[in-house]
Each structure stands twice: as C-alpha cells, then as structure tokens.
>>> print(open('upload_6.txt').read())   # compact mmCIF, C-alpha atoms and all ligand atoms
# COMPACT_ATOMS: atom_id res chain seq x y z
CA MET A 1417 56.06 97.88 -95.22
CA LEU A 1418 59.52 98.49 -93.81
CA ILE A 1419 59.60 99.71 -90.21
CA GLY A 1420 62.57 100.51 -87.97
CA LEU A 1421 63.91 98.49 -85.04
CA ARG A 1422 62.77 101.22 -82.66
CA ASP A 1423 59.21 101.15 -84.07
CA ALA A 1424 59.02 97.41 -83.52
CA LEU A 1425 60.42 97.67 -79.98
CA ASP A 1426 58.01 100.52 -79.16
CA PHE A 1427 55.12 98.32 -80.32
CA ALA A 1428 56.34 95.53 -78.03
CA GLU A 1429 56.73 97.95 -75.13
CA SER A 1430 53.21 99.34 -75.54
CA ARG A 1431 51.64 95.85 -75.78
CA ASN A 1432 53.92 94.17 -73.24
CA CYS A 1433 54.78 91.55 -75.85
CA GLY A 1434 57.91 90.27 -77.59
CA ILE A 1435 58.87 90.77 -81.23
CA ALA A 1436 59.77 87.59 -83.12
CA ALA A 1437 63.12 87.94 -84.91
CA ILE A 1438 63.36 85.09 -87.38
CA ASN A 1439 66.50 84.06 -89.25
CA THR A 1440 65.48 83.60 -92.87
CA PRO A 1441 68.47 82.33 -94.87
CA THR A 1442 66.12 80.40 -97.20
CA LEU A 1443 62.94 81.32 -99.03
CA GLU A 1444 61.03 78.66 -97.06
CA LEU A 1445 61.81 80.41 -93.76
CA LEU A 1446 61.32 83.89 -95.21
CA LEU A 1447 57.89 83.29 -96.77
CA SER A 1448 56.69 81.42 -93.68
CA ALA A 1449 57.76 84.24 -91.34
CA ILE A 1450 56.09 86.92 -93.43
CA ARG A 1451 52.87 84.94 -93.89
CA VAL A 1452 52.51 84.45 -90.14
CA ALA A 1453 53.22 88.14 -89.40
CA GLU A 1454 50.59 89.15 -91.95
CA ARG A 1455 48.07 86.62 -90.60
CA TYR A 1456 48.13 88.34 -87.19
CA GLN A 1457 49.03 91.82 -88.49
CA VAL A 1458 51.96 92.17 -86.11
CA PRO A 1459 55.40 93.70 -86.65
CA LEU A 1460 58.17 91.13 -87.05
CA ILE A 1461 61.91 91.11 -87.73
CA VAL A 1462 63.41 89.05 -90.55
CA GLN A 1463 67.17 88.71 -90.18
CA HIS A 1464 70.24 87.28 -91.85
CA ALA A 1465 73.14 86.06 -89.72
CA GLN A 1466 76.70 86.26 -90.98
CA VAL A 1467 77.17 82.52 -90.27
CA HIS A 1468 74.43 81.85 -92.82
CA GLU A 1469 76.58 83.20 -95.65
CA THR A 1470 77.24 79.50 -96.37
CA VAL A 1471 73.49 79.04 -97.04
CA ASN A 1472 72.88 82.21 -99.05
CA ALA A 1473 74.95 85.40 -99.34
CA ILE A 1474 73.39 88.57 -97.97
CA GLU A 1475 73.72 90.09 -101.47
CA ASP A 1476 71.46 87.29 -102.81
CA ILE A 1477 68.80 86.61 -100.16
CA GLY A 1478 68.99 90.18 -98.76
CA PRO A 1479 67.31 92.01 -101.67
CA VAL A 1480 64.54 89.38 -101.61
CA MET A 1481 64.01 90.01 -97.89
CA VAL A 1482 63.90 93.78 -98.44
CA GLU A 1483 61.50 93.61 -101.40
CA LEU A 1484 59.09 91.23 -99.65
CA ALA A 1485 59.19 93.41 -96.52
CA ARG A 1486 58.44 96.57 -98.55
CA ARG A 1487 55.39 95.06 -100.23
CA SER A 1488 54.06 93.34 -97.08
CA SER A 1489 50.77 94.41 -95.49
CA THR A 1490 52.43 94.41 -92.05
CA GLY A 1491 55.48 96.15 -90.59
CA LEU A 1492 58.78 94.31 -91.05
CA VAL A 1493 62.32 95.14 -89.94
CA VAL A 1494 65.14 93.74 -92.11
CA HIS A 1495 68.03 93.15 -89.74
CA VAL A 1496 71.66 92.01 -89.95
CA ASP A 1497 72.07 89.34 -87.25
CA HIS A 1498 75.42 88.70 -85.56
CA GLY A 1499 77.44 90.97 -87.82
CA GLU A 1500 80.98 90.19 -86.70
CA THR A 1501 82.67 93.00 -88.63
CA VAL A 1502 81.68 96.58 -89.39
CA ASP A 1503 82.13 95.71 -93.06
CA TYR A 1504 79.50 92.95 -92.90
CA VAL A 1505 76.94 95.34 -91.38
CA GLU A 1506 77.66 97.80 -94.20
CA ARG A 1507 77.09 95.04 -96.77
CA GLY A 1508 73.63 94.59 -95.25
CA PHE A 1509 72.86 98.32 -95.34
CA ALA A 1510 74.05 98.43 -98.96
CA VAL A 1511 71.32 95.98 -100.02
CA GLY A 1512 68.58 97.72 -98.02
CA PHE A 1513 68.69 96.28 -94.50
CA ASN A 1514 67.49 98.93 -92.04
CA SER A 1515 68.73 97.52 -88.72
CA ALA A 1516 71.73 95.58 -87.45
CA MET A 1517 73.21 93.63 -84.61
CA PHE A 1518 76.93 94.02 -84.14
CA ASP A 1519 78.33 91.07 -82.20
CA GLY A 1520 81.62 92.01 -80.64
CA SER A 1521 81.11 89.69 -77.70
CA ARG A 1522 84.16 87.62 -78.60
CA LEU A 1523 86.37 90.71 -78.74
CA PRO A 1524 88.17 92.27 -75.77
CA TYR A 1525 85.69 94.63 -74.03
CA ASP A 1526 87.29 97.87 -75.28
CA ASP A 1527 87.26 96.62 -78.88
CA ASN A 1528 83.63 95.53 -78.55
CA VAL A 1529 82.74 99.04 -77.34
CA ALA A 1530 84.75 100.80 -80.06
CA GLN A 1531 83.41 98.71 -82.95
CA THR A 1532 79.82 98.74 -81.68
CA ARG A 1533 80.08 102.51 -81.31
CA ALA A 1534 81.32 102.73 -84.92
CA VAL A 1535 78.31 100.72 -86.13
CA VAL A 1536 75.96 102.93 -84.09
CA GLU A 1537 77.42 106.02 -85.78
CA ILE A 1538 76.97 104.57 -89.28
CA ALA A 1539 73.44 103.38 -88.46
CA THR A 1540 72.37 106.61 -86.75
CA ALA A 1541 73.32 108.61 -89.85
CA ARG A 1542 70.76 106.50 -91.72
CA GLY A 1543 68.14 106.59 -88.93
CA TYR A 1544 68.59 102.88 -88.12
CA GLY A 1545 68.69 101.13 -84.75
CA VAL A 1546 71.51 98.88 -83.53
CA GLU A 1547 71.57 95.86 -81.24
CA GLY A 1548 74.80 95.21 -79.35
CA GLU A 1549 75.93 92.16 -77.43
CA LEU A 1550 77.61 91.90 -74.09
CA GLY A 1551 78.40 88.58 -72.47
CA VAL A 1552 79.16 85.41 -74.33
CA MET A 1553 76.24 83.25 -75.38
CA PRO A 1554 77.15 79.61 -76.03
CA GLY A 1555 76.87 78.41 -79.63
CA ARG A 1556 76.21 80.27 -82.84
CA GLU A 1557 73.22 80.70 -85.12
CA ASP A 1558 74.23 77.69 -87.20
CA GLY A 1559 73.53 75.58 -84.13
CA VAL A 1560 76.63 73.40 -84.32
CA GLU A 1561 78.96 74.72 -81.64
CA SER A 1562 76.72 74.82 -78.59
CA LYS A 1563 77.13 72.33 -75.79
CA GLY A 1564 73.47 73.07 -75.03
CA VAL A 1565 73.94 74.54 -71.55
CA ALA A 1566 74.81 78.03 -70.36
CA ASP A 1567 77.66 78.73 -67.94
CA GLN A 1568 76.49 81.01 -65.14
CA ALA A 1569 79.97 82.49 -64.83
CA LEU A 1570 79.39 84.06 -68.26
CA TYR A 1571 76.07 85.73 -67.42
CA THR A 1572 76.09 89.48 -68.08
CA ARG A 1573 76.42 91.72 -65.00
CA PRO A 1574 73.92 94.62 -64.75
CA GLU A 1575 76.64 97.20 -64.02
CA ASP A 1576 78.48 96.09 -67.17
CA ALA A 1577 75.25 96.40 -69.20
CA ALA A 1578 74.79 99.98 -67.96
CA ALA A 1579 78.36 100.94 -68.88
CA PHE A 1580 78.15 99.26 -72.29
CA VAL A 1581 74.88 100.95 -73.30
CA ALA A 1582 76.16 104.34 -72.12
CA ALA A 1583 79.44 103.93 -74.04
CA THR A 1584 77.91 102.67 -77.30
CA GLY A 1585 74.41 104.16 -77.61
CA VAL A 1586 72.82 100.86 -78.71
CA THR A 1587 69.04 100.64 -79.19
CA ALA A 1588 68.73 97.16 -77.68
CA LEU A 1589 71.05 94.80 -75.84
CA ALA A 1590 71.65 91.08 -76.27
CA CYS A 1591 73.06 89.62 -73.11
CA SER A 1592 73.57 86.35 -71.35
CA PHE A 1593 71.00 85.19 -68.79
CA GLY A 1594 70.64 81.46 -69.40
CA THR A 1595 69.64 80.79 -73.00
CA VAL A 1596 71.92 79.14 -75.56
CA HIS A 1597 72.01 79.01 -79.34
CA GLY A 1598 70.99 75.84 -81.14
CA LEU A 1599 69.34 72.78 -79.67
CA TYR A 1600 68.98 72.50 -75.89
CA LYS A 1601 70.66 69.46 -74.39
CA ALA A 1602 69.56 70.24 -70.84
CA VAL A 1603 66.65 72.16 -69.33
CA PRO A 1604 67.54 75.87 -69.71
CA LYS A 1605 67.90 77.80 -66.45
CA ILE A 1606 66.77 81.33 -67.21
CA ASP A 1607 67.68 83.88 -64.54
CA TYR A 1608 64.50 85.99 -64.63
CA GLU A 1609 65.59 88.36 -61.87
CA LEU A 1610 68.76 89.07 -63.85
CA ILE A 1611 66.68 90.02 -66.93
CA ARG A 1612 64.83 92.59 -64.80
CA GLU A 1613 68.10 93.98 -63.45
CA LEU A 1614 69.70 94.14 -66.91
CA ARG A 1615 66.67 95.98 -68.31
CA ARG A 1616 66.72 98.47 -65.44
CA ALA A 1617 70.48 99.03 -65.47
CA GLY A 1618 70.92 99.21 -69.25
CA GLY A 1619 67.77 101.26 -69.86
CA VAL A 1620 67.14 99.59 -73.23
CA PRO A 1621 65.05 96.57 -74.31
CA ILE A 1622 66.72 93.18 -73.81
CA VAL A 1623 67.18 90.72 -76.68
CA MET A 1624 66.90 86.99 -76.12
CA HIS A 1625 69.17 84.89 -78.31
CA GLY A 1626 68.74 81.14 -78.40
CA GLY A 1627 64.97 81.66 -78.17
CA SER A 1628 64.22 78.34 -79.88
CA GLY A 1629 63.00 75.50 -77.74
CA LEU A 1630 61.60 77.37 -74.73
CA SER A 1631 58.04 76.93 -73.46
CA CYS A 1632 55.46 79.67 -73.94
CA ASP A 1633 55.52 80.30 -70.18
CA GLU A 1634 59.30 80.83 -70.35
CA TYR A 1635 58.93 83.34 -73.19
CA ARG A 1636 56.19 85.25 -71.42
CA SER A 1637 58.02 85.30 -68.08
CA SER A 1638 61.07 86.72 -69.89
CA ILE A 1639 58.95 89.29 -71.74
CA GLU A 1640 57.38 90.47 -68.49
CA ARG A 1641 60.85 91.26 -67.16
CA GLY A 1642 62.05 93.26 -70.15
CA VAL A 1643 62.84 90.99 -73.11
CA ARG A 1644 61.37 92.59 -76.26
CA LYS A 1645 63.11 90.83 -79.16
CA ILE A 1646 63.27 87.06 -79.33
CA ASN A 1647 65.68 85.53 -81.85
CA TYR A 1648 64.34 82.28 -83.24
CA TYR A 1649 65.59 79.90 -85.88
CA THR A 1650 66.74 76.38 -84.99
CA TYR A 1651 63.43 74.76 -84.07
CA ALA A 1652 61.59 76.27 -87.06
CA ASP A 1653 64.19 74.97 -89.47
CA LYS A 1654 64.20 71.60 -87.70
CA ALA A 1655 60.41 71.42 -88.18
CA GLY A 1656 61.05 71.85 -91.90
CA LEU A 1657 63.68 69.11 -91.88
CA ASP A 1658 61.40 66.70 -90.02
CA ALA A 1659 58.58 67.34 -92.51
CA ALA A 1660 60.90 66.76 -95.49
CA ARG A 1661 62.18 63.53 -93.92
CA LYS A 1662 58.60 62.34 -93.42
CA VAL A 1663 57.83 62.89 -97.12
CA LEU A 1664 60.83 60.73 -98.06
CA ASP A 1665 59.85 58.04 -95.54
CA ASP A 1666 56.15 57.97 -96.50
CA GLN A 1667 56.58 58.44 -100.26
CA PRO A 1668 59.87 56.86 -101.33
CA ASP A 1669 59.00 57.47 -104.99
CA THR A 1670 59.19 61.28 -104.49
CA HIS A 1671 61.24 62.45 -107.45
CA VAL A 1672 61.51 66.24 -107.21
CA PHE A 1673 63.07 68.42 -104.50
CA CYS A 1674 60.11 70.85 -104.60
CA ASP A 1675 57.91 68.24 -102.91
CA LEU A 1676 60.23 68.55 -99.92
CA THR A 1677 60.30 72.36 -99.89
CA VAL A 1678 56.48 72.52 -100.03
CA ALA A 1679 56.15 70.16 -97.05
CA ALA A 1680 58.95 71.94 -95.19
CA THR A 1681 57.37 75.37 -95.70
CA LYS A 1682 54.04 74.19 -94.27
CA ALA A 1683 55.76 72.77 -91.19
CA ILE A 1684 57.91 75.88 -90.66
CA GLU A 1685 54.82 78.06 -90.94
CA ALA A 1686 52.97 75.99 -88.33
CA ASN A 1687 55.96 76.20 -85.99
CA LEU A 1688 56.19 80.00 -86.38
CA ASP A 1689 52.43 80.36 -85.97
CA ASP A 1690 52.70 78.80 -82.49
CA LEU A 1691 55.61 81.11 -81.64
CA VAL A 1692 53.86 84.28 -82.78
CA ARG A 1693 50.63 83.47 -80.96
CA CYS A 1694 52.67 83.07 -77.77
CA LEU A 1695 54.95 86.13 -78.08
CA TYR A 1696 52.21 88.56 -79.15
CA ARG A 1697 49.63 87.11 -76.78
CA VAL A 1698 47.19 86.29 -79.60
CA VAL A 1699 44.16 84.68 -77.95
ZN ZN B 1701 72.18 84.92 -81.58
>>> encode(input="upload_6.txt", output="structure tokens")
Amino acid sequence: MLIGLRDALDFAESRNCGIAAINTPTLELLLSAIRVAERYQVPLIVQHAQVHETVNAIEDIGPVMVELARRSSTGLVVHVDHGETVDYVERGFAVGFNSAMFDGSRLPYDDNVAQTRAVVEIATARGYGVEGELGVMPGREDGVESKGVADQALYTRPEDAAAFVAATGVTALACSFGTVHGLYKAVPKIDYELIRELRRAGGVPIVMHGGSGLSCDEYRSSIERGVRKINYYTYADKAGLDAARKVLDDQPDTHVFCDLTVAATKAIEANLDDLVRCLYRVV
C-alpha cells in the first residue's frame, strides 16, 4: 500500500530504526527492494532521482513504481529523489509519486529557501511530505562525480539547519555530516555529534545521503543520533553488476541478456536484505 513520508518517519521514530530509501531506476532494483520490504513487513521508500532520467524517465518507470507500491502487502513511499527543479517534482506528482526531495543545495541560500518553500506548498496541498537539502554533499546519485571524501568545511551548521527548516517547513532534512555519494575512496568520517546537534536544532528527522558502503555499526550509530531515512543505491547496483559479470566469466556461452538480469536481481536482493536487517534491527 502507499504510505506517506511522515508515516514512514513516524514508524522509524517509534522503533528507533532507519527507513531504507532505495533508488530504483530499473525493474531489477525495484522488485528487489519491494520483495525485501515485504519479507520483513517494514515500510520502505522507493525513489527516482532526476539524474537517473538517462536510465529511465520518471514517466516510464514512475507508474510502475506507483502501481507496485499500491498493490504491495507492506507500506511504501514513492519519492522523487534530488529533484533539481520545481517542474521535475511536479512531473513526479503527476504520475503518482506521493513524496519528494527538492535539492536546492547548489543554489544560493535564498533561492534554495524560496524554491524549497514552493515545493512544500505544492506538496502540502496534496498532503505529501518534503525533504530539503542544506549543505553540499559530494557527488551525485549517478556515482560518477564524487572524489569519495567529504570536506569538513562543507558540513552543515546546526544554526543554519534550524533557520532552513523554519523558513521552508520541510518534513525531513538532508544535510552534510561526513557521507558522500557513490563509492567511498577513503574511510568515511561521520561526525556523530553533529548529527545529534542537527536533529535537535532543526527539529525534523535527518536524512543520510551516500548511505551505501557504511558498516552496520555506522548506520546504527547514525540512527541513534537522529538519522531516520537512509538513501541507498550504489552498492546494491554494483552487487548486480558483479553478479552479471560473474555469469559472463563463468558461462561464456550465455546468449540472452535475461540470464544477466536474473543473476543481478538475486544479488541486489541479497545486498538489500543485509541493509534492511541492519536498519530495522531485524534479529
Ligand atoms: Zn543523495
């Protein structure tokens, strides 16, 4: 069934867990994410990032996401990830998405506030939640731009988080505290005390971007300090790639693409199963 962003965050708050927010630009990722959520009967967020328009357009994969979420036995949020324009968020809502992130972090502060506020107004009229972003996170969801380390000078300041949430009315806040998008090229240095301060100052749940590649202890330590939504993509998709490569290496006579997608889906599902058992504290 479809549930709202607030419902999912409330669940996480009441269980002291984190909600997995999985980018699902392909059917392999989407089916894997939903199967794992149903296996453990936990709420989960499936999301489509604007940078993944090159993989599948939101008008194509979006209705599939919405339909599968509606008929699922567990609660799913269908979320626009890193919408960089108000128009893109509206394209998501038009095909049935019920939650959005507006990413104005590359805009001047006043423009980020004004455009995020505009998205909040559009979303609120529909009863949807909005995630905003303050502070620049290295890399993008396509995983190609990141240098793999975070610059501490770019970490979000708690007083700025408080002002941003008050000015925009966002439901949840993505901010910078040590994670990066894409593959890590150095050991991530997460500032746990900063997460606690951002949660307290902003008064809303904190969203972790660049959630791929951390240890379970790092996820849980972040969750304990106020992270409630964990964005995850790169390492799941890489698991699929590795599995497909293994099929080609082991069985060079493979002659149809579907043999690769079947192997990839199994590997993605196993990767997401590990993630969900960690975030939701499944014993
Ligand atoms: Zn992100």
>>> residues_around(input="upload_6.txt", residues="Phe1580 (chain A)", least_positions_apart="6", cutoff="8 Å", atoms="all atoms listed in the file", output="list in words")
Val1529, Leu1550 and Gly1618 of chain A
>>> residues_near_ligand(input="upload_6.txt", ligand="ligand ZN 1701 (chain B)", cutoff="12 Å", atoms="only C-alpha atoms and all ligand atoms", output="PDB file with C-alpha atoms, in the coordinates of the input")
ATOM      1  CA  ALA A1437      63.120  87.940 -84.910  1.00  0.00           C
ATOM      2  CA  ILE A1438      63.360  85.090 -87.380  1.00  0.00           C
ATOM      3  CA  ASN A1439      66.500  84.060 -89.250  1.00  0.00           C
ATOM      4  CA  GLN A1463      67.170  88.710 -90.180  1.00  0.00           C
ATOM      5  CA  HIS A1464      70.240  87.280 -91.850  1.00  0.00           C
ATOM      6  CA  ALA A1465      73.140  86.060 -89.720  1.00  0.00           C
ATOM      7  CA  GLN A1466      76.700  86.260 -90.980  1.00  0.00           C
ATOM      8  CA  VAL A1467      77.170  82.520 -90.270  1.00  0.00           C
ATOM      9  CA  HIS A1468      74.430  81.850 -92.820  1.00  0.00           C
ATOM     10  CA  VAL A1496      71.660  92.010 -89.950  1.00  0.00           C
ATOM     11  CA  ASP A1497      72.070  89.340 -87.250  1.00  0.00           C
ATOM     12  CA  HIS A1498      75.420  88.700 -85.560  1.00  0.00           C
ATOM     13  CA  GLY A1499      77.440  90.970 -87.820  1.00  0.00           C
ATOM     14  CA  GLU A1500      80.980  90.190 -86.700  1.00  0.00           C
ATOM     15  CA  MET A1517      73.210  93.630 -84.610  1.00  0.00           C
ATOM     16  CA  PHE A1518      76.930  94.020 -84.140  1.00  0.00           C
ATOM     17  CA  ASP A1519      78.330  91.070 -82.200  1.00  0.00           C
ATOM     18  CA  GLY A1520      81.620  92.010 -80.640  1.00  0.00           C
ATOM     19  CA  SER A1521      81.110  89.690 -77.700  1.00  0.00           C
ATOM     20  CA  GLU A1547      71.570  95.860 -81.240  1.00  0.00           C
ATOM     21  CA  GLY A1548      74.800  95.210 -79.350  1.00  0.00           C
ATOM     22  CA  GLU A1549      75.930  92.160 -77.430  1.00  0.00           C
ATOM     23  CA  LEU A1550      77.610  91.900 -74.090  1.00  0.00           C
ATOM     24  CA  GLY A1551      78.400  88.580 -72.470  1.00  0.00           C
ATOM     25  CA  VAL A1552      79.160  85.410 -74.330  1.00  0.00           C
ATOM     26  CA  MET A1553      76.240  83.250 -75.380  1.00  0.00           C
ATOM     27  CA  PRO A1554      77.150  79.610 -76.030  1.00  0.00           C
ATOM     28  CA  GLY A1555      76.870  78.410 -79.630  1.00  0.00           C
ATOM     29  CA  ARG A1556      76.210  80.270 -82.840  1.00  0.00           C
ATOM     30  CA  GLU A1557      73.220  80.700 -85.120  1.00  0.00           C
ATOM     31  CA  ASP A1558      74.230  77.690 -87.200  1.00  0.00           C
ATOM     32  CA  GLY A1559      73.530  75.580 -84.130  1.00  0.00           C
ATOM     33  CA  SER A1562      76.720  74.820 -78.590  1.00  0.00           C
ATOM     34  CA  LEU A1589      71.050  94.800 -75.840  1.00  0.00           C
ATOM     35  CA  ALA A1590      71.650  91.080 -76.270  1.00  0.00           C
ATOM     36  CA  CYS A1591      73.060  89.620 -73.110  1.00  0.00           C
ATOM     37  CA  SER A1592      73.570  86.350 -71.350  1.00  0.00           C
ATOM     38  CA  THR A1595      69.640  80.790 -73.000  1.00  0.00           C
ATOM     39  CA  VAL A1596      71.920  79.140 -75.560  1.00  0.00           C
ATOM     40  CA  HIS A1597      72.010  79.010 -79.340  1.00  0.00           C
ATOM     41  CA  GLY A1598      70.990  75.840 -81.140  1.00  0.00           C
ATOM     42  CA  VAL A1623      67.180  90.720 -76.680  1.00  0.00           C
ATOM     43  CA  MET A1624      66.900  86.990 -76.120  1.00  0.00           C
ATOM     44  CA  HIS A1625      69.170  84.890 -78.310  1.00  0.00           C
ATOM     45  CA  GLY A1626      68.740  81.140 -78.400  1.00  0.00           C
ATOM     46  CA  GLY A1627      64.970  81.660 -78.170  1.00  0.00           C
ATOM     47  CA  SER A1628      64.220  78.340 -79.880  1.00  0.00           C
ATOM     48  CA  LYS A1645      63.110  90.830 -79.160  1.00  0.00           C
ATOM     49  CA  ILE A1646      63.270  87.060 -79.330  1.00  0.00           C
ATOM     50  CA  ASN A1647      65.680  85.530 -81.850  1.00  0.00           C
ATOM     51  CA  TYR A1648      64.340  82.280 -83.240  1.00  0.00           C
ATOM     52  CA  TYR A1649      65.590  79.900 -85.880  1.00  0.00           C
ATOM     53  CA  THR A1650      66.740  76.380 -84.990  1.00  0.00           C
TER      54      THR A1650
END
>>> residues_around(input="upload_6.txt", residues="Thr1540 (chain A)", least_positions_apart="3", cutoff="12 Å", atoms="only C-alpha atoms", output="list in words")
Gly1420, Leu1421, Arg1422, Phe1509, Asn1514, Ser1515, Ala1516, Thr1532, Arg1533, Ala1534, Val1535, Val1536, Glu1537, Gly1543, Tyr1544, Gly1545, Val1546, Thr1584, Gly1585, Val1586 and Thr1587 of chain A
>>> residues_around(input="upload_6.txt", residues="region 1670-1684 of chain A", least_positions_apart="4", cutoff="6 Å", atoms="all atoms listed in the file", output="count of residues only")
6
>>> atom_distance(input="upload_6.txt", atom1="CA of Gly1642 (chain A)", atom2="CA of Leu1425 (chain A)")
10.9 Å
>>> atom_distance(input="upload_6.txt", atom1="CA of Glu1506 (chain A)", atom2="CA of Phe1427 (chain A)")
26.5 Å
>>> closest_residue(input="upload_6.txt", among="A:Val1494, A:Val1482, A:Ile1538, A:Ala1436", to="Leu1688 (chain A)", atoms="only C-alpha atoms")
A:Ala1436
>>> atom_distance(input="upload_6.txt", atom1="CA of Leu1570 (chain A)", atom2="CA of Asp1633 (chain A)")
24.2 Å
>>> axis_aligned_box(input="upload_6.txt", around="region 1511-1522 of chain A", padding_each_side="8 Å", output="AutoDock Vina command-line options")
--center_x 75.8 --center_y 93.3 --center_z -88.9 --size_x 32.7 --size_y 27.3 --size_z 38.3
>>> closest_residue(input="upload_6.txt", among="A:Asp1653, A:Glu1469, A:Glu1475, A:Asp1527", to="Phe1513 (chain A)", atoms="all atoms listed in the file")
A:Glu1475
>>> closest_residue(input="upload_6.txt", among="A:Leu1446, A:Leu1460, A:Ala1473, A:Val1511", to="Ala1428 (chain A)", atoms="all atoms listed in the file")
A:Leu1460
>>> closest_residue(input="upload_6.txt", among="A:Arg1455, A:Arg1573, A:Arg1431, A:Arg1486", to="Leu1418 (chain A)", atoms="only C-alpha atoms")
A:Arg1486
>>> build_atoms(input="upload_6.txt", residues="region 1663-1681 of chain A", atoms="N, CA, C and O atoms", output="short mmCIF file (atom, residue, chain, number, x, y, z; two decimals), in the frame of the given file")
data_model
loop_
_atom_site.label_atom_id
_atom_site.label_comp_id
_atom_site.auth_asym_id
_atom_site.auth_seq_id
_atom_site.Cartn_x
_atom_site.Cartn_y
_atom_site.Cartn_z
N VAL A 1663 58.22 63.09 -95.72
CA VAL A 1663 57.83 62.89 -97.12
C VAL A 1663 58.66 61.75 -97.73
O VAL A 1663 58.13 60.85 -98.39
N LEU A 1664 59.96 61.77 -97.47
CA LEU A 1664 60.83 60.73 -98.06
C LEU A 1664 60.52 59.35 -97.48
O LEU A 1664 60.55 58.35 -98.21
N ASP A 1665 60.19 59.32 -96.17
CA ASP A 1665 59.85 58.04 -95.54
C ASP A 1665 58.52 57.50 -96.06
O ASP A 1665 58.39 56.32 -96.36
N ASP A 1666 57.51 58.40 -96.14
CA ASP A 1666 56.15 57.97 -96.50
C ASP A 1666 56.00 57.75 -98.01
O ASP A 1666 55.19 56.93 -98.44
N GLN A 1667 56.73 58.53 -98.80
CA GLN A 1667 56.58 58.44 -100.26
C GLN A 1667 57.97 58.29 -100.90
O GLN A 1667 58.53 59.24 -101.44
N PRO A 1668 58.51 57.07 -100.83
CA PRO A 1668 59.87 56.86 -101.33
C PRO A 1668 60.03 57.14 -102.82
O PRO A 1668 61.15 57.31 -103.31
N ASP A 1669 58.89 57.20 -103.55
CA ASP A 1669 59.00 57.47 -104.99
C ASP A 1669 59.02 58.96 -105.32
O ASP A 1669 59.00 59.34 -106.48
N THR A 1670 59.06 59.83 -104.26
CA THR A 1670 59.19 61.28 -104.49
C THR A 1670 60.39 61.53 -105.42
O THR A 1670 61.47 61.02 -105.18
N HIS A 1671 60.15 62.31 -106.48
CA HIS A 1671 61.24 62.45 -107.45
C HIS A 1671 61.66 63.88 -107.71
O HIS A 1671 62.55 64.12 -108.52
N VAL A 1672 61.01 64.87 -107.05
CA VAL A 1672 61.51 66.24 -107.21
C VAL A 1672 61.70 66.90 -105.84
O VAL A 1672 60.93 66.68 -104.90
N PHE A 1673 62.71 67.73 -105.75
CA PHE A 1673 63.07 68.42 -104.50
C PHE A 1673 61.94 69.33 -104.03
O PHE A 1673 61.73 69.51 -102.82
N CYS A 1674 61.18 69.91 -104.98
CA CYS A 1674 60.11 70.85 -104.60
C CYS A 1674 59.07 70.21 -103.69
O CYS A 1674 58.47 70.90 -102.86
N ASP A 1675 58.85 68.90 -103.82
CA ASP A 1675 57.91 68.24 -102.91
C ASP A 1675 58.38 68.37 -101.46
O ASP A 1675 57.57 68.45 -100.53
N LEU A 1676 59.68 68.39 -101.27
CA LEU A 1676 60.23 68.55 -99.92
C LEU A 1676 60.10 69.99 -99.44
O LEU A 1676 59.77 70.24 -98.29
N THR A 1677 60.36 70.96 -100.34
CA THR A 1677 60.30 72.36 -99.89
C THR A 1677 58.85 72.76 -99.57
O THR A 1677 58.62 73.54 -98.65
N VAL A 1678 57.88 72.21 -100.31
CA VAL A 1678 56.48 72.52 -100.03
C VAL A 1678 56.10 72.00 -98.64
O VAL A 1678 55.50 72.70 -97.82
N ALA A 1679 56.47 70.76 -98.36
CA ALA A 1679 56.15 70.16 -97.05
C ALA A 1679 56.89 70.90 -95.94
O ALA A 1679 56.32 71.18 -94.87
N ALA A 1680 58.15 71.25 -96.20
CA ALA A 1680 58.95 71.94 -95.19
C ALA A 1680 58.35 73.32 -94.87
O ALA A 1680 58.25 73.72 -93.71
N THR A 1681 57.92 74.03 -95.92
CA THR A 1681 57.37 75.37 -95.70
C THR A 1681 56.13 75.32 -94.82
O THR A 1681 55.97 76.13 -93.91
#
